[in-house]
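Engineer: My questions all concern the structure below.
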Amino acid sequence: GLGMASQTVPKLQLPVAYGQPGEAKNEESDTTAGPQPAKSSSSSFQVRCPFDFTDSKKGAELWGIERATRHPGLWSMGLVGLGQALLVPSLPQRVWWSMPALVALIGGWHTDSRFERGMGGTLTPEYKAQTSNIPFVAMLLGKQQQPPQLLAEVKPLNVLLATSMAGLWVLSRKGGSPTKISNTIASTLAK
């Protein structure tokens, strides 16, 4: 769930890059005209913004996390709720934490029906045929091009940070500590 939510924010990047001073990120973004300063042949570390605000969608109708579901905002919170439901001890709490997934399911269907009628947005038959409300169903049914392009389009540093945070949350909820886990791994490897 957090991995899906991490795709909604700008792409994270390391704030330091190694390369030529003034080197353009890609060819399309270099729109300067006129005389250019001579480029030196030495490379150095460059400080840059930790967020990449460039649009990598490139005009594609189906891109990134939308390949997994038409409603990533709803389903990211629904999956976070299901994950939390697995961590709590009592049945009433599990039912409570499972409700965001039910809201995602019903809310997604409701949004789709409104968009199909032209209320608040559009849902073309082509887009609907390639995607699904429930995450990854369209991919599993083979409705998208093979091999799936989702892995090439996700923001890897965002996913790494989100899944690390989720892992630390699970460890804190289940009474595990990093020291306890590393000792368990070390004792297993020593055998």
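Every chain in the structure tokens has a letter given in the order shown (A, B, ...), and although residue numbers restart at 1 in each chain, ligands are simply numbered from 1 in the order shown.
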Please identify all polymer residues within 12 Å of range 131-135 of chain A, counting only C-alpha atoms, omitting same-chain residues fewer than 4 positions from it, and present them as an MDAnalysis selection string.
Structural biologist: chainID A and resid 1 4 61:76 78:79 101:113 123:127 139:145
Engineer: Env of range 9-16 of chain A: 7 Å cut, atoms = only C-alpha atoms, seq-sep filter 2 positions within chain, self excluded. Answer as a short mmCIF file (atom, residue, chain, number, x, y, z; two decimals) with N, CA and C atoms, in the first residue's frame.
Structural biologist:
```cif
data_model
loop_
_atom_site.label_atom_id
_atom_site.label_comp_id
_atom_site.auth_asym_id
_atom_site.auth_seq_id
_atom_site.Cartn_x
_atom_site.Cartn_y
_atom_site.Cartn_z
N SER A 6 3.53 5.83 -2.71
CA SER A 6 4.78 6.54 -3.00
C SER A 6 4.89 6.96 -4.46
N GLN A 7 4.08 6.38 -5.33
CA GLN A 7 4.13 6.72 -6.74
C GLN A 7 3.38 8.01 -7.06
N TYR A 18 27.07 12.75 -10.13
CA TYR A 18 28.43 12.85 -10.63
C TYR A 18 28.37 13.02 -12.13
N PHE A 45 31.18 16.26 -8.66
CA PHE A 45 29.90 16.07 -8.00
C PHE A 45 29.06 17.33 -8.13
N GLN A 46 27.78 17.17 -8.43
CA GLN A 46 26.87 18.28 -8.59
C GLN A 46 25.72 18.12 -7.59
N VAL A 47 25.35 19.21 -6.94
CA VAL A 47 24.21 19.19 -6.03
C VAL A 47 22.95 19.44 -6.86
N ARG A 48 21.90 18.66 -6.58
CA ARG A 48 20.64 18.83 -7.30
C ARG A 48 19.47 18.64 -6.34
N CYS A 49 18.31 19.00 -6.78
CA CYS A 49 17.10 18.88 -5.97
C CYS A 49 16.81 17.40 -5.71
N PRO A 50 16.40 17.04 -4.48
CA PRO A 50 16.09 15.63 -4.22
C PRO A 50 14.80 15.16 -4.87
N PHE A 51 14.03 16.07 -5.46
CA PHE A 51 12.80 15.70 -6.17
C PHE A 51 12.97 15.96 -7.66
N ASP A 52 12.59 15.00 -8.48
CA ASP A 52 12.64 15.15 -9.94
C ASP A 52 11.24 15.52 -10.40
N PHE A 53 11.06 16.80 -10.78
CA PHE A 53 9.73 17.28 -11.16
C PHE A 53 9.46 17.14 -12.66
N LYS A 155 8.79 4.49 -9.67
CA LYS A 155 9.84 5.34 -9.09
C LYS A 155 10.55 4.51 -8.04
N LEU A 157 13.29 4.63 -6.04
CA LEU A 157 13.71 5.15 -4.75
C LEU A 157 12.49 5.42 -3.86
N ASN A 158 11.39 5.85 -4.46
CA ASN A 158 10.15 6.05 -3.70
C ASN A 158 9.66 4.73 -3.11
#
```
Engineer: Give the answer as one residue: which of A:Ala85, A:Ala129, A:Ala166, A:Ala5 has the shortest atom-to-atom distance to Ser98 in chain A, using only C-alpha atoms?
Structural biologist: A:Ala85
Engineer: What gap, in Å, lies between CA of Gln93 in chain A and CA of Ser164 in chain A?
Structural biologist: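 So the answer is 24.3 Å.
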Engineer: Ranking A:Val170, A:Ala17, A:Ala138, A:Met119 by minimum distance to Gly83 in chain A and counting only C-alpha atoms, which one comes first?
Structural biologist: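 Closest candidate: A:Val170.
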Engineer: Would you give me, as an MDAnalysis selection string, the residues in range 63-152 of chain A that DSSP reads as alpha helix (DSSP H)?
Structural biologist: chainID A and resid 72:87 91:116 125:130 137:140 150:152
Engineer: Among range 33-164 of chain A, which ones does DSSP place in strand (DSSP E or B), written as a JSON list (two decimals) with N, CA and C atoms, in the first residue's frame?
Structural biologist:
```json
[["chain", "number", "residue", "atom", "x", "y", "z"],
["A", 44, "SER", "N", 32.64, 16.19, -11.97],
["A", 44, "SER", "CA", 32.65, 16.48, -10.54],
["A", 44, "SER", "C", 31.26, 16.19, -9.97],
["A", 45, "PHE", "N", 31.18, 16.26, -8.66],
["A", 45, "PHE", "CA", 29.90, 16.07, -8.00],
["A", 45, "PHE", "C", 29.06, 17.33, -8.13],
["A", 46, "GLN", "N", 27.78, 17.17, -8.43],
["A", 46, "GLN", "CA", 26.87, 18.28, -8.59],
["A", 46, "GLN", "C", 25.72, 18.12, -7.59],
["A", 47, "VAL", "N", 25.35, 19.21, -6.94],
["A", 47, "VAL", "CA", 24.21, 19.19, -6.03],
["A", 47, "VAL", "C", 22.95, 19.44, -6.86],
["A", 51, "PHE", "N", 14.03, 16.07, -5.46],
["A", 51, "PHE", "CA", 12.80, 15.70, -6.17],
["A", 51, "PHE", "C", 12.97, 15.96, -7.66],
["A", 52, "ASP", "N", 12.59, 15.00, -8.48],
["A", 52, "ASP", "CA", 12.64, 15.15, -9.94],
["A", 52, "ASP", "C", 11.24, 15.52, -10.40]]
```
Engineer: Which one is closest to Thr8 in chain A: A:Val95, A:Val159, A:Ala152, A:Leu82? Count only C-alpha atoms.
Structural biologist: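 Smallest distance to Thr8 in chain A is found for A:Val159.
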Engineer: Using only C-alpha atoms, find the one residue out of A:Leu87, A:Gln130, A:Phe115, A:Met99 that sits nearest to Leu171 in chain A.
Structural biologist: A:Leu87
Engineer: Calculate how many Å separate CA of Leu2 in chain A from CA of Gln149 in chain A, rounding to one decimal.
Structural biologist: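 Between CA of Leu2 in chain A and CA of Gln149 in chain A the gap works out to 20.1 Å.
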Engineer: What does the distance from CA of Gly167 in chain A to CA of Trp97 in chain A come to in Å, to one decimal?
Structural biologist: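 About the pair CA of Gly167 in chain A and CA of Trp97 in chain A: they are 18.0 Å apart.
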